[in-house]
Structures are given as structure tokens and as C-alpha cells.
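Structure file upload14.cif with mmCIF, C-alpha atoms:
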```
data_data
loop_
_atom_site.label_atom_id
_atom_site.label_comp_id
_atom_site.auth_asym_id
_atom_site.auth_seq_id
_atom_site.Cartn_x
_atom_site.Cartn_y
_atom_site.Cartn_z
CA MET A 26 -73.16 68.41 6.47
CA THR A 27 -73.78 65.03 4.89
CA ASP A 28 -72.05 66.09 1.67
CA VAL A 29 -68.99 67.40 3.56
CA ARG A 30 -68.60 64.17 5.52
CA ALA A 31 -68.98 62.13 2.37
CA ASP A 32 -66.19 64.11 0.71
CA LYS A 33 -63.84 63.31 3.60
CA ARG A 34 -64.32 59.59 3.28
CA PRO A 35 -61.45 57.79 1.52
CA ASP A 36 -62.14 56.68 -2.01
CA PRO A 37 -62.74 52.89 -1.79
CA LYS A 38 -61.23 52.25 -5.22
CA ARG A 39 -58.11 54.26 -4.44
CA ARG A 40 -57.73 52.54 -1.08
CA ALA A 41 -58.17 49.13 -2.69
CA PHE A 42 -55.53 50.01 -5.29
CA TRP A 43 -52.94 50.96 -2.67
CA LEU A 44 -53.79 48.00 -0.45
CA LYS A 45 -53.31 45.60 -3.35
CA HIS A 46 -49.95 46.99 -4.46
CA LEU A 47 -48.56 47.58 -0.98
CA HIS A 48 -49.48 44.04 0.09
CA GLN A 49 -47.82 42.70 -3.06
CA TRP A 50 -44.55 44.59 -2.53
CA HIS A 51 -44.65 43.84 1.20
CA TRP A 52 -44.90 40.07 0.82
CA ILE A 53 -42.40 39.95 -2.06
CA SER A 54 -39.80 41.95 -0.11
CA SER A 55 -40.47 39.91 3.05
CA ALA A 56 -40.02 36.65 1.13
CA MET A 57 -36.75 37.90 -0.34
CA CYS A 58 -35.50 39.05 3.08
CA LEU A 59 -36.70 36.07 5.14
CA PHE A 60 -33.60 33.90 5.48
CA ALA A 61 -31.08 36.74 5.28
CA MET A 62 -33.00 38.64 7.98
CA LEU A 63 -32.94 35.55 10.21
CA LEU A 64 -29.18 35.26 9.59
CA PHE A 65 -28.51 38.91 10.43
CA SER A 66 -30.82 38.81 13.47
CA VAL A 67 -29.15 35.74 14.98
CA THR A 68 -25.63 36.98 14.22
CA GLY A 69 -26.60 40.33 15.74
CA ILE A 70 -27.12 38.46 19.03
CA THR A 71 -23.87 36.48 18.70
CA LEU A 72 -21.94 39.66 17.90
CA ASN A 73 -23.47 41.43 20.89
CA HIS A 74 -22.28 38.59 23.13
CA ALA A 75 -19.07 37.72 21.28
CA ALA A 76 -16.95 37.99 24.44
CA LYS A 77 -19.07 35.31 26.15
CA ILE A 78 -18.90 32.82 23.27
CA GLU A 79 -15.77 30.73 23.52
CA ALA A 80 -13.84 30.10 20.35
CA LYS A 81 -10.84 27.81 20.04
CA PRO A 82 -8.88 28.72 16.91
CA GLU A 83 -7.51 25.81 14.91
CA VAL A 84 -4.18 26.54 13.26
CA THR A 85 -2.99 24.53 10.26
CA ARG A 86 0.58 24.85 8.98
CA ARG A 87 1.98 23.45 5.76
CA HIS A 88 5.56 23.42 4.46
CA GLU A 89 6.34 22.69 0.82
CA GLN A 90 9.17 23.13 -1.68
CA LEU A 91 8.77 24.82 -5.04
CA PRO A 92 10.03 23.02 -8.16
CA ASP A 93 13.28 24.36 -9.59
CA ALA A 94 11.49 25.90 -12.58
CA LEU A 95 9.26 28.02 -10.33
CA VAL A 96 12.20 29.01 -8.13
CA ALA A 97 14.03 30.25 -11.24
CA ALA A 98 10.89 32.10 -12.37
CA LEU A 99 10.60 33.85 -8.99
CA ALA A 100 14.27 34.77 -9.00
CA GLY A 101 13.89 36.34 -12.45
CA GLN A 102 10.71 38.23 -11.52
CA PRO A 103 11.18 41.99 -11.99
CA PRO A 104 11.41 43.86 -8.67
CA ALA A 105 8.07 45.21 -7.45
CA ASP A 106 6.69 46.17 -4.06
CA LYS A 107 3.27 44.68 -4.74
CA ALA A 108 2.11 42.44 -7.57
CA PRO A 109 0.00 39.28 -8.09
CA LEU A 110 1.67 35.89 -8.11
CA PRO A 111 2.65 34.42 -11.50
CA VAL A 112 -0.01 32.21 -13.07
CA ALA A 113 2.23 29.11 -12.98
CA LEU A 114 2.77 29.58 -9.25
CA ARG A 115 -0.96 30.01 -8.65
CA ASP A 116 -1.64 26.74 -10.48
CA TRP A 117 1.01 24.96 -8.40
CA LEU A 118 -0.48 26.28 -5.14
CA ALA A 119 -3.97 25.19 -6.19
CA GLU A 120 -2.73 21.68 -6.97
CA ARG A 121 -0.33 21.24 -4.07
CA LEU A 122 -2.01 23.13 -1.23
CA ASP A 123 -5.58 23.34 -2.57
CA LEU A 124 -5.08 27.10 -2.27
CA ARG A 125 -6.66 29.43 -4.82
CA VAL A 126 -5.31 32.95 -4.49
CA GLY A 127 -6.59 34.43 -7.76
CA ASP A 128 -5.15 37.83 -8.55
CA ARG A 129 -4.59 38.88 -4.93
CA VAL A 130 -1.69 41.27 -4.59
CA ALA A 131 1.39 39.92 -2.78
CA GLU A 132 4.19 41.86 -1.13
CA TRP A 133 7.54 41.33 -2.87
CA SER A 134 10.96 41.87 -1.37
CA ASP A 135 14.43 40.72 -2.43
CA ASP A 136 14.21 37.62 -0.24
CA GLU A 137 10.54 36.81 0.15
CA VAL A 138 7.08 36.88 -1.37
CA TYR A 139 4.40 37.36 1.28
CA LEU A 140 0.68 37.05 0.65
CA SER A 141 -1.95 37.88 3.26
CA LEU A 142 -5.12 35.80 2.93
CA PRO A 143 -7.76 37.13 5.34
CA ARG A 144 -11.04 35.27 5.25
CA PRO A 145 -14.37 35.18 7.11
CA GLY A 146 -14.03 33.35 10.41
CA GLY A 147 -10.27 33.17 10.29
CA ASP A 148 -7.04 34.24 8.71
CA ALA A 149 -4.23 32.84 6.56
CA TRP A 150 -0.92 33.84 5.05
CA LEU A 151 1.61 32.48 2.58
CA SER A 152 5.36 33.04 2.56
CA ILE A 153 7.72 31.97 -0.23
CA ASP A 154 11.51 32.15 -0.05
CA ARG A 155 12.58 33.55 -3.43
CA ALA A 156 16.09 32.14 -3.27
CA GLY A 157 15.48 28.62 -1.99
CA GLY A 158 11.81 28.07 -2.89
CA ALA A 159 10.65 27.13 0.62
CA VAL A 160 6.90 27.61 0.99
CA GLU A 161 5.18 28.16 4.32
CA TYR A 162 1.41 28.37 4.61
CA GLU A 163 -0.58 28.98 7.80
CA ARG A 164 -4.35 29.00 8.19
CA THR A 165 -6.36 29.91 11.29
CA ASP A 166 -9.99 28.83 11.65
CA ARG A 167 -12.03 30.41 14.48
CA GLY A 168 -15.18 28.34 13.96
CA TRP A 169 -18.66 28.70 12.51
CA VAL A 170 -19.85 31.42 14.89
CA SER A 171 -16.93 33.64 13.92
CA TRP A 172 -17.57 32.84 10.25
CA PHE A 173 -21.22 33.93 10.46
CA ASN A 174 -20.28 37.01 12.50
CA ASP A 175 -17.87 38.08 9.77
CA LEU A 176 -20.62 37.59 7.19
CA HIS A 177 -22.77 39.95 9.25
CA LYS A 178 -20.00 42.58 9.22
CA GLY A 179 -19.02 41.95 5.60
CA ARG A 180 -15.45 41.35 6.79
CA ASN A 181 -13.13 39.84 4.19
CA THR A 182 -16.10 38.47 2.23
CA GLY A 183 -15.38 39.80 -1.25
CA PRO A 184 -17.42 41.92 -3.67
CA ALA A 185 -20.20 39.37 -4.31
CA TRP A 186 -21.27 39.27 -0.65
CA SER A 187 -20.91 43.05 -0.43
CA TRP A 188 -23.36 43.45 -3.33
CA PHE A 189 -25.70 40.95 -1.71
CA ILE A 190 -25.73 42.94 1.55
CA ASP A 191 -26.56 46.14 -0.35
CA LEU A 192 -29.42 44.49 -2.24
CA PHE A 193 -30.68 42.88 0.96
CA ALA A 194 -30.66 46.30 2.65
CA VAL A 195 -32.72 47.78 -0.20
CA ALA A 196 -35.24 44.93 0.11
CA CYS A 197 -35.45 45.56 3.87
CA VAL A 198 -36.14 49.27 3.26
CA ILE A 199 -38.97 48.34 0.86
CA PHE A 200 -40.31 45.85 3.41
CA CYS A 201 -40.31 48.47 6.19
CA LEU A 202 -41.78 51.31 4.11
CA THR A 203 -44.58 49.20 2.68
CA GLY A 204 -45.30 47.98 6.20
CA LEU A 205 -45.46 51.57 7.40
CA PHE A 206 -47.95 52.56 4.68
CA LEU A 207 -50.02 49.45 5.41
CA LEU A 208 -50.13 50.48 9.08
CA GLN A 209 -51.41 53.89 7.99
CA LEU A 210 -54.15 52.34 5.86
CA HIS A 211 -55.28 50.02 8.67
CA ALA A 212 -54.81 52.50 11.53
CA ARG A 213 -58.50 53.49 11.65
CA GLN A 214 -59.55 49.92 12.40
CA ARG A 215 -56.63 49.38 14.82
CA PRO A 216 -56.47 52.24 17.36
CA GLY A 217 -53.34 50.90 19.01
CA THR A 218 -51.27 51.18 15.82
CA TRP A 219 -49.60 54.56 16.30
CA PRO A 220 -49.13 54.29 20.08
CA ILE A 221 -47.21 51.03 19.54
CA VAL A 222 -45.18 52.55 16.69
CA GLY A 223 -44.45 55.59 18.86
CA PHE A 224 -43.42 53.38 21.78
CA GLY A 225 -40.90 51.58 19.57
CA LEU A 226 -39.43 54.91 18.42
CA VAL A 227 -39.30 56.41 21.93
CA ALA A 228 -37.72 53.26 23.41
CA MET A 229 -34.96 53.35 20.78
CA LEU A 230 -34.31 57.06 21.32
CA VAL A 231 -34.19 56.71 25.12
CA VAL A 232 -31.62 53.90 24.90
CA MET A 233 -29.56 55.87 22.35
CA ILE A 234 -29.57 59.14 24.29
CA VAL A 235 -29.53 57.98 27.91
CA PHE A 236 -27.71 54.65 28.01
CA ILE A 237 -25.11 54.90 25.24
CA HIS A 238 -21.90 56.50 26.47
#
```

Just give me the structure of the file as C-alpha cells.
Amino acid sequence: MTDVRADKRPDPKRRAFWLKHLHQWHWISSAMCLFAMLLFSVTGITLNHAAKIEAKPEVTRRHEQLPDALVAALAGQPPADKAPLPVALRDWLAERLDLRVGDRVAEWSDDEVYLSLPRPGGDAWLSIDRAGGAVEYERTDRGWVSWFNDLHKGRNTGPAWSWFIDLFAVACVIFCLTGLFLLQLHARQRPGTWPIVGFGLVAMLVVMIVFIH
């Protein structure tokens, strides 16, 4: 009987190996996730109560006139439904309106060039009269809460933030899985481990099944 019980005991060296590596990956992933997880946790609350958080949009409008050379360049632009703005026009917008549009695709018609400029926490658009060169620019800012909420959703944030969210999600998965395996290794010394884990799972399932319509 003594030999059988001894065989069932976990190998101390193997357990020490897994504890060392799991703790290492757990604290590294938690350190990487710390500030982003705080951001997404807080914005999760603000998104859940978005209707109760007042936001007063600030609208800025600008009117400018293109130089004759740019007007002539627009008039001579080959017809196209959608195409980026000419480089010279982009440079002029950056200098005159502090507006950097990059290679965003604009909508071209016979009379107008229209460029939609959605952004986190607001919106903007640019309209250029091809014949006369009149430029109209409007920007709407809905405040910092809206800006952070859009970061949470990845709305109009560009590819860099999208990649960051994906990498952050992978780090969170590593953090959770290493935490789960650490719970398993410590469960013998902490009898309440699995009941608490089970309670968290059951509470989530009850809310999902019973209270979500």
C-alpha cells in the first residue's frame, strides 16, 4: 500500500518545473496586459452606461479657398468614382488646415470631391468644389469618454491599434490559461479553488441564459 500511495504523489521536480515556468509566463503576461486591461475594464463600464454619460459634441467648421494652380489640377483630374487626393493637395491641406489625410480614398464627382474622415471620439469630412476651389471642412469632437470608448471598440482607429488589440488579446489568453494551470497546481492546498471557479462560470451562464433577451 505504501508503494502505491508513493507512486500517486506528484513528482516534486516536475511540479517545481511547471510552477517556475507558469509563474514566469503569468507575471510577464500580466505585466504586459496591466494598463491595457485597466483601459478596457474602465471603458467597458463607460460603454455599458453610455446613455447616462452626457456628451456635448463640439463642431468646428473651416472654409478656405484653393490656389488657382490646385483648382486647375483638380479640373484636369481624370474622372474616377473613388481615388486618393493628389499629393500637392494633401500638402496644401496639411499646411493650411493642419489636416493629414494620407492616401484615404475620396469620392469624386463632376462638381465635388468629398472625403469622409471618421475618427475615434468624433467625425469629420472635407468637401472641395472642383470648379471654384471652395474648401469646406467640418470636425465633430464628442469628448474623451467617447474617444476611449471607440478605442475599446476599435472603431475608426486604423491598423496599428487593430494589431495592438489582437496582441493584447493573445497576452490576456496566456495570462488566463497560466492562471488556470496555477490554480490546478495549488488546488490541493486551497480547497475553495474549484468551487469559486465553478461559481464564476455558473454565474456567467445564468446571466447569459436567463437574463439576456

Write out as an MDAnalysis selection string which residues come within 8 Å of A:Arg144 when counting all atoms listed in the file, dropping same-chain ones fewer than 4 positions away.
chainID A and resid 148:149 180:182

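These residues, each with an atom at most 9 Å from (-36.5, 42.5, 0.3) using only C-alpha atoms, are Trp50, His51, Trp52, Ile53, Ser54, Ser55, Ala56, Met57, Cys58, Leu59, Leu192, Phe193, Ala194, Val195, Ala196, Cys197, Val198, Ile199 and Phe200 of chain A.
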
Which is closer to A:Ile221 than all the others in A:Leu63, A:Leu95, A:Leu208, A:Ile234, using all atoms listed in the file?
A:Leu208

Pull the neighbourhood of (3.1, 22.4, -2.2) for me: all residues within 12 Å in file coordinates, counting all atoms listed in the file, as a ChimeraX atom specification.
/A:86-92,95,114-124,151-153,158-162

For A:Gly179: contacts at 12 Å, all atoms listed in the file, fewer than 2 positions along chain excluded, given as a PyMOL selection string:
chain A and resi 65+68+144-146+171-177+181-191

Atom CA of A:Val126 to atom CA of A:Arg155: how many Å, to one decimal?
17.9 Å
